[in-house]
>>> print(open('work17.txt').read())   # compact mmCIF, C-alpha atoms
# COMPACT_ATOMS: atom_id res chain seq x y z
CA MET A 1 127.50 200.45 181.78
CA ILE A 2 128.66 201.41 178.37
CA VAL A 3 129.73 197.82 177.75
CA LEU A 4 126.28 196.51 178.62
CA THR A 5 124.69 199.02 176.31
CA ILE A 6 126.96 197.98 173.46
CA LEU A 7 126.16 194.28 174.07
CA ALA A 8 122.43 195.01 174.06
CA VAL A 9 122.73 196.85 170.77
CA ILE A 10 124.73 193.97 169.23
CA VAL A 11 122.15 191.38 170.39
CA GLY A 12 119.33 193.47 168.98
CA ILE A 13 121.09 193.75 165.64
CA LEU A 14 121.73 189.99 165.48
CA PHE A 15 118.09 189.28 166.38
CA ALA A 16 116.90 191.61 163.67
CA ILE A 17 119.23 189.99 161.12
CA GLY A 18 118.63 186.27 162.03
CA VAL A 19 115.23 185.76 163.62
CA ILE A 20 112.97 188.26 161.89
CA PRO A 21 113.71 187.00 158.30
CA LYS A 22 113.14 183.40 159.40
CA LEU A 23 109.79 184.31 160.86
CA MET A 24 108.86 186.04 157.64
CA ASP A 25 109.99 183.03 155.53
CA LYS A 26 107.95 180.64 157.68
CA ARG A 27 104.89 182.79 157.28
CA SER A 28 105.34 182.87 153.52
CA LEU A 29 105.83 179.09 153.45
CA ASN A 30 102.68 178.55 155.47
CA GLU A 31 100.77 180.76 153.06
CA LYS A 32 102.10 178.73 150.07
CA GLU A 33 101.19 175.45 151.78
CA GLU A 34 97.68 176.71 152.39
CA GLN A 35 97.40 177.73 148.73
CA ALA A 36 98.76 174.35 147.58
CA ALA A 37 96.36 172.48 149.84
CA SER A 38 93.43 174.32 148.39
CA ALA A 39 94.62 173.86 144.67
CA ILE A 40 93.50 170.90 142.42
CA PRO A 41 96.44 168.55 141.62
CA VAL A 42 97.50 168.07 137.99
CA VAL A 43 97.87 164.43 136.89
CA ASN A 44 99.45 162.96 133.75
CA THR A 45 96.90 161.10 131.65
CA VAL A 46 96.58 159.14 128.42
CA LEU A 47 93.60 157.88 126.47
CA ALA A 48 93.11 154.10 126.53
CA LYS A 49 93.43 152.89 122.93
CA THR A 50 92.17 149.76 121.23
CA ALA A 51 94.73 146.97 121.25
CA PRO A 52 95.62 145.30 117.93
CA PHE A 53 93.29 142.43 117.02
CA ASN A 54 96.23 140.47 115.61
CA GLU A 55 98.14 138.35 118.08
CA SER A 56 101.41 136.64 117.17
CA ALA A 57 103.83 134.18 118.71
CA THR A 58 107.14 132.77 117.45
CA LEU A 59 107.60 129.12 118.38
CA PRO A 60 110.32 126.53 117.73
CA GLY A 61 109.66 123.57 115.45
CA ASN A 62 111.33 120.80 113.48
CA ILE A 63 110.74 120.52 109.75
CA GLY A 64 109.75 117.11 108.40
CA ALA A 65 108.56 115.68 105.10
CA MET A 66 104.84 115.60 104.39
CA GLN A 67 105.37 112.16 102.81
CA PHE A 68 108.11 109.81 103.98
CA ALA A 69 108.46 106.12 103.23
CA THR A 70 110.82 103.33 104.18
CA ILE A 71 110.89 100.87 101.30
CA TYR A 72 111.22 97.15 102.08
CA ALA A 73 111.29 94.13 99.77
CA ARG A 74 108.09 92.11 99.24
CA ILE A 75 109.92 89.01 97.99
CA ASP A 76 112.97 86.97 98.98
CA GLY A 77 115.95 86.85 96.65
CA TYR A 78 119.17 88.58 95.63
CA LEU A 79 119.50 92.20 94.54
CA THR A 80 120.63 92.15 90.92
CA LYS A 81 120.33 95.85 90.00
CA ARG A 82 120.12 99.16 91.85
CA MET A 83 119.14 102.12 89.68
CA VAL A 84 119.24 105.01 92.20
CA ASP A 85 121.40 106.37 95.00
CA ILE A 86 121.02 108.92 97.79
CA GLY A 87 120.04 112.38 96.61
CA ASP A 88 118.45 111.15 93.37
CA LYS A 89 115.08 112.64 92.45
CA VAL A 90 112.58 109.98 91.37
CA LYS A 91 109.08 109.92 89.92
CA GLN A 92 106.17 107.79 91.07
CA GLY A 93 106.45 104.31 89.51
CA GLN A 94 110.11 104.73 88.59
CA LEU A 95 112.18 101.52 88.87
CA LEU A 96 114.52 101.65 91.86
CA ALA A 97 115.91 98.10 92.02
CA GLU A 98 115.47 94.54 90.71
CA ILE A 99 115.47 91.34 92.78
CA ASP A 100 116.21 87.88 91.39
CA SER A 101 113.81 85.26 92.83
CA PRO A 102 113.85 81.85 91.03
CA SER A 103 111.39 80.36 93.51
CA ALA A 104 108.76 82.93 92.51
CA ASP A 105 109.27 82.01 88.85
CA GLU A 106 108.82 78.30 89.61
CA ASP A 107 105.69 78.98 91.65
CA ARG A 108 104.18 80.90 88.75
CA SER A 109 104.99 78.12 86.27
CA GLN A 110 103.42 75.53 88.57
CA ALA A 111 100.33 77.67 88.99
CA ALA A 112 100.01 78.08 85.22
CA ALA A 113 100.26 74.29 84.73
CA ASP A 114 97.64 73.70 87.43
CA LEU A 115 95.33 76.13 85.64
CA VAL A 116 95.69 74.25 82.36
CA GLN A 117 94.89 70.99 84.15
CA SER A 118 91.82 72.54 85.80
CA ASN A 119 90.56 73.81 82.45
CA ALA A 120 90.93 70.27 81.05
CA GLN A 121 88.93 68.92 83.98
CA VAL A 122 86.18 71.42 83.15
CA VAL A 123 86.09 70.17 79.53
CA SER A 124 85.89 66.55 80.74
CA ALA A 125 83.13 67.38 83.24
CA LEU A 126 81.15 69.16 80.52
CA ALA A 127 81.43 66.11 78.25
CA THR A 128 80.22 63.85 81.06
CA LEU A 129 77.33 66.24 81.70
CA LYS A 130 76.40 66.16 78.02
CA GLU A 131 76.41 62.32 78.01
CA SER A 132 74.32 62.25 81.19
CA LYS A 133 71.78 64.58 79.64
CA ALA A 134 71.57 62.34 76.55
CA GLN A 135 70.97 59.30 78.76
CA ALA A 136 68.31 61.21 80.66
CA GLU A 137 66.59 62.08 77.40
CA ALA A 138 66.68 58.40 76.32
CA ALA A 139 65.24 57.37 79.68
CA ALA A 140 62.47 59.91 79.28
CA ALA A 141 61.66 58.52 75.83
CA GLN A 142 61.61 54.99 77.25
CA VAL A 143 59.12 56.10 79.89
CA THR A 144 56.91 57.63 77.22
CA ARG A 145 57.00 54.43 75.18
CA ALA A 146 56.32 52.26 78.22
CA LYS A 147 53.34 54.39 79.18
CA ALA A 148 51.96 54.12 75.65
CA ASP A 149 52.27 50.31 75.75
CA GLN A 150 50.71 50.36 79.19
CA ALA A 151 47.72 52.30 77.90
CA TYR A 152 47.26 49.89 75.00
CA ALA A 153 47.55 46.86 77.30
CA ALA A 154 45.01 48.38 79.70
CA THR A 155 42.51 49.00 76.89
CA THR A 156 42.96 45.47 75.53
CA ALA A 157 42.61 43.87 78.97
CA ASP A 158 39.43 45.84 79.60
CA ARG A 159 37.91 44.66 76.31
CA TRP A 160 38.77 41.00 76.97
CA ASN A 161 37.31 41.22 80.44
CA ASN A 162 34.01 42.51 79.02
CA MET A 163 33.90 39.87 76.32
CA ALA A 164 34.77 37.10 78.77
CA LYS A 165 31.60 37.98 80.77
CA TYR A 166 29.49 37.01 77.77
CA GLY A 167 31.65 34.05 76.73
CA ALA A 168 32.91 35.76 73.59
CA VAL A 169 36.50 34.88 74.50
CA SER A 170 38.03 32.25 76.63
CA LEU A 171 39.09 32.91 80.18
CA GLN A 172 42.64 31.99 79.25
CA SER A 173 42.77 34.71 76.64
CA ARG A 174 41.43 37.16 79.22
CA ASP A 175 44.11 36.10 81.70
CA GLU A 176 46.82 36.54 79.07
CA LYS A 177 45.69 40.15 78.46
CA ASP A 178 45.66 40.84 82.19
CA ARG A 179 49.17 39.39 82.50
CA SER A 180 50.30 41.56 79.56
CA LEU A 181 48.91 44.66 81.36
CA ASN A 182 50.74 43.79 84.57
CA SER A 183 53.93 43.37 82.56
CA GLN A 184 53.51 46.81 80.98
CA ASN A 185 52.86 48.34 84.41
CA ALA A 186 56.16 46.89 85.60
CA SER A 187 57.89 48.20 82.46
CA VAL A 188 56.59 51.72 83.21
CA GLU A 189 57.88 51.57 86.77
CA ALA A 190 61.27 50.33 85.54
CA ALA A 191 61.47 53.08 82.89
CA GLU A 192 60.55 55.75 85.44
CA ALA A 193 63.18 54.41 87.86
CA GLN A 194 65.74 54.47 85.05
CA LYS A 195 64.75 58.06 84.24
CA ARG A 196 65.17 59.13 87.88
CA ALA A 197 68.61 57.54 87.91
CA ALA A 198 69.49 59.38 84.69
CA ASP A 199 68.27 62.70 86.15
CA GLN A 200 70.38 62.14 89.25
CA GLN A 201 73.37 61.43 87.04
CA VAL A 202 72.75 64.72 85.24
CA GLU A 203 72.75 66.55 88.59
CA ALA A 204 75.92 64.77 89.64
CA SER A 205 77.60 65.67 86.34
CA ALA A 206 76.47 69.30 86.68
CA ALA A 207 77.94 69.37 90.21
CA GLN A 208 81.22 68.03 88.82
CA VAL A 209 81.19 70.85 86.26
CA ARG A 210 80.67 73.43 88.99
CA VAL A 211 83.46 71.92 91.06
CA ALA A 212 85.77 71.93 88.06
CA LYS A 213 84.95 75.58 87.27
CA ALA A 214 85.47 76.57 90.91
CA ASN A 215 88.81 74.79 90.79
CA VAL A 216 89.67 76.82 87.70
CA GLY A 217 88.82 80.02 89.60
CA ALA A 218 91.05 78.94 92.48
CA LYS A 219 93.91 78.16 90.09
CA GLN A 220 93.44 81.50 88.36
CA ALA A 221 93.62 83.28 91.73
CA SER A 222 96.73 81.29 92.60
CA LEU A 223 98.32 82.23 89.27
CA ALA A 224 97.42 85.89 89.81
CA LYS A 225 98.99 85.71 93.26
CA TYR A 226 102.26 84.37 91.91
CA LYS A 227 102.20 86.92 89.08
CA ALA A 228 101.84 89.65 91.69
CA GLN A 229 104.70 88.15 93.67
CA GLN A 230 106.79 88.14 90.52
CA GLY A 231 105.97 91.83 90.14
CA PHE A 232 107.58 92.43 93.53
CA LYS A 233 110.90 91.63 91.88
CA TYR A 234 110.76 95.20 90.59
CA VAL A 235 110.95 97.82 93.37
CA VAL A 236 109.34 101.11 92.28
CA ALA A 237 108.92 104.55 93.85
CA PRO A 238 105.56 105.00 95.63
CA PHE A 239 105.48 108.78 94.96
CA ASP A 240 107.54 111.65 93.56
CA GLY A 241 110.40 112.40 95.91
CA VAL A 242 114.08 112.21 96.75
CA ILE A 243 116.10 109.20 97.92
CA VAL A 244 117.36 110.15 101.38
CA SER A 245 118.87 106.79 102.35
CA ARG A 246 120.14 103.65 100.58
CA LYS A 247 120.98 100.53 102.59
CA VAL A 248 121.77 97.78 100.02
CA ASP A 249 124.07 97.05 97.09
CA PRO A 250 123.81 94.55 94.19
CA GLY A 251 124.38 90.97 95.31
CA ALA A 252 122.91 91.47 98.76
CA LEU A 253 120.52 88.83 100.11
CA ILE A 254 117.06 90.36 100.34
CA THR A 255 114.41 89.23 102.83
CA ALA A 256 110.77 90.15 102.44
CA GLY A 257 108.88 91.96 105.21
CA SER A 258 109.22 95.03 107.43
CA GLN A 259 110.22 93.48 110.75
CA SER A 260 112.82 95.13 112.93
CA THR A 261 115.37 92.53 111.85
CA THR A 262 114.70 93.06 108.14
CA GLN A 263 117.03 95.36 106.24
CA GLU A 264 115.24 98.14 104.37
CA LEU A 265 116.19 98.96 100.79
CA PHE A 266 115.63 102.72 100.58
CA GLN A 267 114.15 105.69 102.38
CA MET A 268 112.57 108.47 100.36
CA ALA A 269 110.79 111.73 101.09
CA LYS A 270 108.59 114.16 99.19
CA LEU A 271 110.19 117.60 99.41
CA ASP A 272 107.71 119.73 97.45
CA VAL A 273 105.61 120.09 100.58
CA LEU A 274 107.02 119.90 104.11
CA ARG A 275 105.40 120.14 107.53
CA SER A 276 106.29 121.10 111.05
CA TYR A 277 104.61 120.37 114.37
CA VAL A 278 104.62 123.20 116.91
CA ASN A 279 103.23 123.33 120.43
CA VAL A 280 101.06 126.45 120.68
CA PRO A 281 100.47 127.94 124.18
CA GLN A 282 96.99 127.77 125.64
CA SER A 283 96.48 131.55 125.52
CA LEU A 284 97.01 131.62 121.75
CA SER A 285 95.61 128.23 120.76
CA ARG A 286 91.99 129.23 121.44
CA TYR A 287 92.11 131.54 118.40
CA LEU A 288 94.02 129.14 116.15
CA LYS A 289 92.15 127.62 113.20
CA PRO A 290 93.15 125.67 110.07
CA GLY A 291 94.10 128.05 107.31
CA ALA A 292 95.91 130.54 109.57
CA ALA A 293 99.10 131.98 108.04
CA ALA A 294 102.55 131.08 109.32
CA GLU A 295 106.01 132.54 108.68
CA ILE A 296 108.97 130.17 108.85
CA SER A 297 112.56 131.23 109.42
CA VAL A 298 115.66 129.02 109.43
CA SER A 299 119.25 129.91 110.24
CA SER A 300 120.44 128.57 106.86
CA TYR A 301 118.51 131.36 105.09
CA PRO A 302 118.61 134.40 107.42
CA GLU A 303 117.49 136.73 104.64
CA ARG A 304 114.46 134.68 103.61
CA THR A 305 111.05 134.04 105.14
CA PHE A 306 109.12 130.96 104.03
CA VAL A 307 105.34 130.88 103.89
CA GLY A 308 103.26 128.19 105.58
CA LYS A 309 99.68 127.48 106.55
CA VAL A 310 98.08 125.75 109.53
CA THR A 311 96.43 122.53 108.34
CA ASN A 312 95.52 120.63 111.51
CA VAL A 313 95.03 121.59 115.15
CA SER A 314 94.84 119.06 117.98
CA GLY A 315 91.50 118.70 119.71
CA ALA A 316 93.06 118.75 123.19
CA LEU A 317 95.89 120.35 125.14
CA ASP A 318 98.87 118.48 126.50
CA PRO A 319 98.24 118.44 130.29
CA GLN A 320 101.99 118.54 130.97
CA THR A 321 102.86 121.63 128.91
CA ARG A 322 99.39 123.20 128.45
CA THR A 323 100.08 123.47 124.74
CA ARG A 324 98.16 122.40 121.65
CA GLN A 325 99.94 120.47 118.92
CA THR A 326 99.55 122.18 115.56
CA GLU A 327 100.62 121.06 112.08
CA VAL A 328 101.95 123.68 109.66
CA LYS A 329 102.20 122.90 105.94
CA ILE A 330 105.12 124.56 104.11
CA ASP A 331 105.45 124.91 100.33
CA ASN A 332 109.00 124.00 99.26
CA PHE A 333 108.95 123.80 95.47
CA ASP A 334 112.60 124.88 95.15
CA HIS A 335 113.66 122.27 97.77
CA ALA A 336 115.50 124.93 99.77
CA LEU A 337 114.26 123.47 103.04
CA LEU A 338 115.22 119.95 104.06
CA PRO A 339 113.61 117.53 106.51
CA GLY A 340 115.26 117.70 109.90
CA MET A 341 115.91 121.46 109.88
CA TYR A 342 115.24 123.49 113.02
CA ALA A 343 112.95 126.46 112.40
CA GLN A 344 111.27 129.40 114.11
CA ILE A 345 107.58 129.52 113.21
CA LYS A 346 105.58 132.72 113.66
CA LEU A 347 101.83 132.22 113.97
CA THR A 348 99.42 135.14 113.70
CA VAL A 349 95.79 134.84 114.81
CA GLN A 350 92.78 137.14 114.87
CA ARG A 351 91.40 137.85 118.35
CA PRO A 352 87.67 138.69 118.37
CA GLU A 353 87.63 140.39 121.80
CA ASN A 354 87.95 144.18 122.02
CA TRP A 355 90.89 144.78 124.39
CA VAL A 356 92.57 148.12 125.17
CA GLN A 357 96.19 149.11 125.65
CA VAL A 358 97.70 151.48 128.28
CA PRO A 359 101.19 152.28 129.63
CA SER A 360 102.41 149.70 132.10
CA ASN A 361 102.93 152.33 134.87
CA ALA A 362 99.20 153.07 134.75
CA VAL A 363 98.48 149.71 136.40
CA ILE A 364 98.52 149.84 140.22
CA PRO A 365 98.81 146.65 142.30
CA ARG A 366 96.55 146.72 145.34
CA GLY A 367 96.51 143.60 147.46
CA ASN A 368 95.57 140.68 145.24
CA ASN A 369 94.03 142.92 142.59
CA LEU A 370 95.27 145.17 139.80
CA GLU A 371 93.65 148.58 139.39
CA VAL A 372 93.77 151.55 137.03
CA ALA A 373 93.01 155.16 138.03
CA VAL A 374 90.77 156.99 135.58
CA VAL A 375 89.42 160.52 135.45
CA ARG A 376 85.64 160.87 135.35
CA ASP A 377 83.81 164.14 135.91
CA GLY A 378 87.05 165.76 137.10
CA LYS A 379 87.62 163.18 139.83
CA ALA A 380 89.90 160.19 140.24
CA HIS A 381 88.30 156.74 140.28
CA TYR A 382 89.91 153.33 140.79
CA GLN A 383 88.63 150.22 139.02
CA LYS A 384 89.80 146.62 138.87
CA VAL A 385 91.24 145.34 135.59
CA VAL A 386 92.35 142.02 134.09
CA LEU A 387 95.64 142.05 132.18
CA GLY A 388 96.33 140.49 128.82
CA ARG A 389 99.75 140.50 127.23
CA ASP A 390 102.65 142.47 128.74
CA PHE A 391 104.86 144.33 126.22
CA GLY A 392 107.12 145.94 128.82
CA ASP A 393 106.30 149.62 128.44
CA GLU A 394 102.66 148.87 127.60
CA VAL A 395 100.14 146.25 128.69
CA GLU A 396 96.83 144.98 127.35
CA ILE A 397 93.66 145.23 129.47
CA LYS A 398 91.25 142.35 128.81
CA ASP A 399 88.50 143.52 131.15
CA GLY A 400 87.67 146.55 133.30
CA LEU A 401 88.53 149.35 130.84
CA THR A 402 87.09 150.61 127.57
CA ASN A 403 88.53 152.43 124.61
CA GLY A 404 88.86 156.24 125.02
CA GLU A 405 88.81 156.39 128.82
CA VAL A 406 91.17 158.94 130.46
CA VAL A 407 93.78 156.93 132.40
CA ILE A 408 96.10 158.43 135.02
CA VAL A 409 99.75 157.50 134.48
CA GLY A 410 101.99 157.24 137.53
CA ALA A 411 99.28 158.10 140.05
CA ALA A 412 100.56 159.47 143.37
CA ASP A 413 100.37 157.20 146.38
CA ASP A 414 98.23 159.73 148.29
CA LEU A 415 95.67 160.06 145.50
CA ARG A 416 92.37 158.80 146.91
CA GLU A 417 89.11 157.68 145.39
CA GLY A 418 87.01 160.71 144.43
CA ASP A 419 89.82 163.31 144.76
CA PRO A 420 89.45 166.21 142.30
CA VAL A 421 92.19 166.15 139.65
CA LYS A 422 93.16 168.15 136.61
CA PRO A 423 94.17 165.87 133.72
CA SER A 424 97.15 166.73 131.54
CA GLU A 425 97.60 164.58 128.47
CA ILE A 426 101.15 163.32 128.03
CA ALA A 427 100.72 163.04 124.29
CA ALA A 428 99.69 166.69 124.05
CA GLN A 429 102.75 167.79 126.02
>>> encode(input="work17.txt", output="structure tokens")
Amino acid sequence: MIVLTILAVIVGILFAIGVIPKLMDKRSLNEKEEQAASAIPVVNTVLAKTAPFNESATLPGNIGAMQFATIYARIDGYLTKRMVDIGDKVKQGQLLAEIDSPSADEDRSQAAADLVQSNAQVVSALATLKESKAQAEAAAAQVTRAKADQAYAATTADRWNNMAKYGAVSLQSRDEKDRSLNSQNASVEAAEAQKRAADQQVEASAAQVRVAKANVGAKQASLAKYKAQQGFKYVVAPFDGVIVSRKVDPGALITAGSQSTTQELFQMAKLDVLRSYVNVPQSLSRYLKPGAAAEISVSSYPERTFVGKVTNVSGALDPQTRTRQTEVKIDNFDHALLPGMYAQIKLTVQRPENWVQVPSNAVIPRGNNLEVAVVRDGKAHYQKVVLGRDFGDEVEIKDGLTNGEVVIVGAADDLREGDPVKPSEIAAQ
């Protein structure tokens, strides 16, 4: 009996020690849960801020010369002199090489002789024209004289015919005057025919003069052509630049032309101004305009940044790469940069749209959409957004959010639309 009493006391003590405190703790926990359920949750927030209007991208590009020329010969012959070599700086019009071409010299001499002959033919044709005009003038005078004799013969014949009616003169005398008139009429016709022939001769002589003068013009053009060809014996620089390649030496046979089988003489480039073509992505190209600034970096000068400017922008995008070809002009007065260098080109554009920027963990993916939770009137609201650029810890919002809105950062999964929240600014903390 005593043993049972002792066991009952022990069980009571253990119950008091183990069960009663647990019941009290559970009650306290339930009270805390009820308090927490009725409290407004605190959320971390930031203010959406305006994103920078400048947008930049660094793109690869190859540097090339703004002016580059491959120089070929314009005349056949042998190279007698070469005045420059690779690396030489030359001025526009400077003599680079001389070509010996005896055939061009002979052609010019022949053309000069033909011109002298043509000028002589003009002199001869002018003399013939002068003689023809003199003959035409003599024929005209003969016509005038014949017409005067004709008029006299007509008057005389008319008088004799009147006198013959009254028997004042014999019929034979009248007939003689009529015959004299007929003879003068024939003389007038002959003189007029001779004058027409003389006039035609004048026209023919004038035509010969025109032909001779035209022949002189043709010979002068031919002589000018051969003079120009002779000028091709002297190869000159087309612009200020640097000789980047030399392919011939004195004594080499030179062939005129620029066919694929023809050996070029020199290659030269203008280094004061260089250019580079870059392929700008579609997202950036819409804001790109001629005159935009560019920064050029090359590995040969890691401590230096070169300045460039956009000069031309393609009117269409490459459908394969969705990029827009852009030409950048680079000033290179000290000739530090060289054609063929690889460069990194940074382009900066001005974006007109007013975008905002928020932390990346403020964006919540929901299905096929992206949303941001904002605090309005003490409640949480979700709204769809369209992203711009992603900077890792921050992102740009192109649409769906305005500057100054209170954005919830790291919203809880159980936060629902319209739930009351208490914002706590991260920046203030």
>>> atom_distance(input="work17.txt", atom1="CA of Ala134 (chain A)", atom2="CA of Asn185 (chain A)")
24.7 Å
>>> atom_distance(input="work17.txt", atom1="CA of Met66 (chain A)", atom2="CA of Val90 (chain A)")
16.2 Å
>>> closest_residue(input="work17.txt", among="A:Val273, A:Val363, A:Ala127, A:Val406", to="Asp393 (chain A)", atoms="only C-alpha atoms")
A:Val363
>>> residues_around(input="work17.txt", residues="Ser283 (chain A)", least_positions_apart="3", cutoff="12 Å", atoms="all atoms listed in the file", output="number ranges by chain")
A: 55-57, 279-280, 286-288, 317, 322-324, 349, 351, 388-389
>>> residues_around(input="work17.txt", residues="Glu106 (chain A)", least_positions_apart="2", cutoff="12 Å", atoms="only C-alpha atoms", output="PyMOL selection string")
chain A and resi 101-104+108-113+223+226-227+229-230
>>> write_last_selection(input="work17.txt", atoms="C-alpha atoms", output="PDB file, keeping the file's coordinate frame")
ATOM      1  CA  SER A 101     113.810  85.260  92.830  1.00  0.00           C
ATOM      2  CA  PRO A 102     113.850  81.850  91.030  1.00  0.00           C
ATOM      3  CA  SER A 103     111.390  80.360  93.510  1.00  0.00           C
ATOM      4  CA  ALA A 104     108.760  82.930  92.510  1.00  0.00           C
ATOM      5  CA  ARG A 108     104.180  80.900  88.750  1.00  0.00           C
ATOM      6  CA  SER A 109     104.990  78.120  86.270  1.00  0.00           C
ATOM      7  CA  GLN A 110     103.420  75.530  88.570  1.00  0.00           C
ATOM      8  CA  ALA A 111     100.330  77.670  88.990  1.00  0.00           C
ATOM      9  CA  ALA A 112     100.010  78.080  85.220  1.00  0.00           C
ATOM     10  CA  ALA A 113     100.260  74.290  84.730  1.00  0.00           C
ATOM     11  CA  LEU A 223      98.320  82.230  89.270  1.00  0.00           C
ATOM     12  CA  TYR A 226     102.260  84.370  91.910  1.00  0.00           C
ATOM     13  CA  LYS A 227     102.200  86.920  89.080  1.00  0.00           C
ATOM     14  CA  GLN A 229     104.700  88.150  93.670  1.00  0.00           C
ATOM     15  CA  GLN A 230     106.790  88.140  90.520  1.00  0.00           C
TER      16      GLN A 230
END
>>> residues_near_point(input="work17.txt", point="(95.6, 147.3, 128.1)", cutoff="10 Å", atoms="all atoms listed in the file", output="NGL selection string")
:A and (48-51 or 355-360 or 362-363 or 385-391 or 394-403)
>>> residues_around(input="work17.txt", residues="Ala336 (chain A)", least_positions_apart="4", cutoff="12 Å", atoms="all atoms listed in the file", output="PDB file with C-alpha atoms, in the coordinates of the input")
ATOM      1  CA  ILE A  63     110.740 120.520 109.750  1.00  0.00           C
ATOM      2  CA  LEU A 271     110.190 117.600  99.410  1.00  0.00           C
ATOM      3  CA  ASP A 272     107.710 119.730  97.450  1.00  0.00           C
ATOM      4  CA  VAL A 273     105.610 120.090 100.580  1.00  0.00           C
ATOM      5  CA  LEU A 274     107.020 119.900 104.110  1.00  0.00           C
ATOM      6  CA  SER A 297     112.560 131.230 109.420  1.00  0.00           C
ATOM      7  CA  VAL A 298     115.660 129.020 109.430  1.00  0.00           C
ATOM      8  CA  SER A 300     120.440 128.570 106.860  1.00  0.00           C
ATOM      9  CA  TYR A 301     118.510 131.360 105.090  1.00  0.00           C
ATOM     10  CA  ARG A 304     114.460 134.680 103.610  1.00  0.00           C
ATOM     11  CA  THR A 305     111.050 134.040 105.140  1.00  0.00           C
ATOM     12  CA  PHE A 306     109.120 130.960 104.030  1.00  0.00           C
ATOM     13  CA  ILE A 330     105.120 124.560 104.110  1.00  0.00           C
ATOM     14  CA  ASP A 331     105.450 124.910 100.330  1.00  0.00           C
ATOM     15  CA  ASN A 332     109.000 124.000  99.260  1.00  0.00           C
ATOM     16  CA  MET A 341     115.910 121.460 109.880  1.00  0.00           C
TER      17      MET A 341
END
>>> residues_near_point(input="work17.txt", point="(71.1, 60.3, 82.3)", cutoff="8 Å", atoms="all atoms listed in the file", output="list in words")
Glu131, Ser132, Lys133, Ala134, Gln135, Ala136, Glu137, Ala138, Ala139, Lys195, Ala197, Ala198, Asp199, Gln200, Gln201 and Val202 of chain A
>>> closest_residue(input="work17.txt", among="A:Thr311, A:Ser245, A:Thr45, A:Thr261", to="Tyr277 (chain A)", atoms="all atoms listed in the file")
A:Thr311
>>> closest_residue(input="work17.txt", among="A:Gln320, A:Gln208, A:Ser299, A:Thr348", to="Ser118 (chain A)", atoms="only C-alpha atoms")
A:Gln208
>>> atom_distance(input="work17.txt", atom1="CA of Ala214 (chain A)", atom2="CA of Thr128 (chain A)")
16.9 Å
>>> closest_residue(input="work17.txt", among="A:Ile99, A:Val42, A:Val188, A:Ala69", to="Asp240 (chain A)", atoms="all atoms listed in the file")
A:Ala69
>>> axis_aligned_box(input="work17.txt", around="region 93-110 of chain A", padding_each_side="8 Å", output="JSON")
{"center_x": 109.8, "center_y": 90.1, "center_z": 89.9, "size_x": 28.8, "size_y": 45.2, "size_z": 23.2}
>>> closest_residue(input="work17.txt", among="A:Ala237, A:Ala65, A:Ile345, A:Ala186", to="Leu265 (chain A)", atoms="all atoms listed in the file")
A:Ala237
>>> closest_residue(input="work17.txt", among="A:Ser187, A:Thr326, A:Thr156, A:Thr58", to="Ser173 (chain A)", atoms="only C-alpha atoms")
A:Thr156
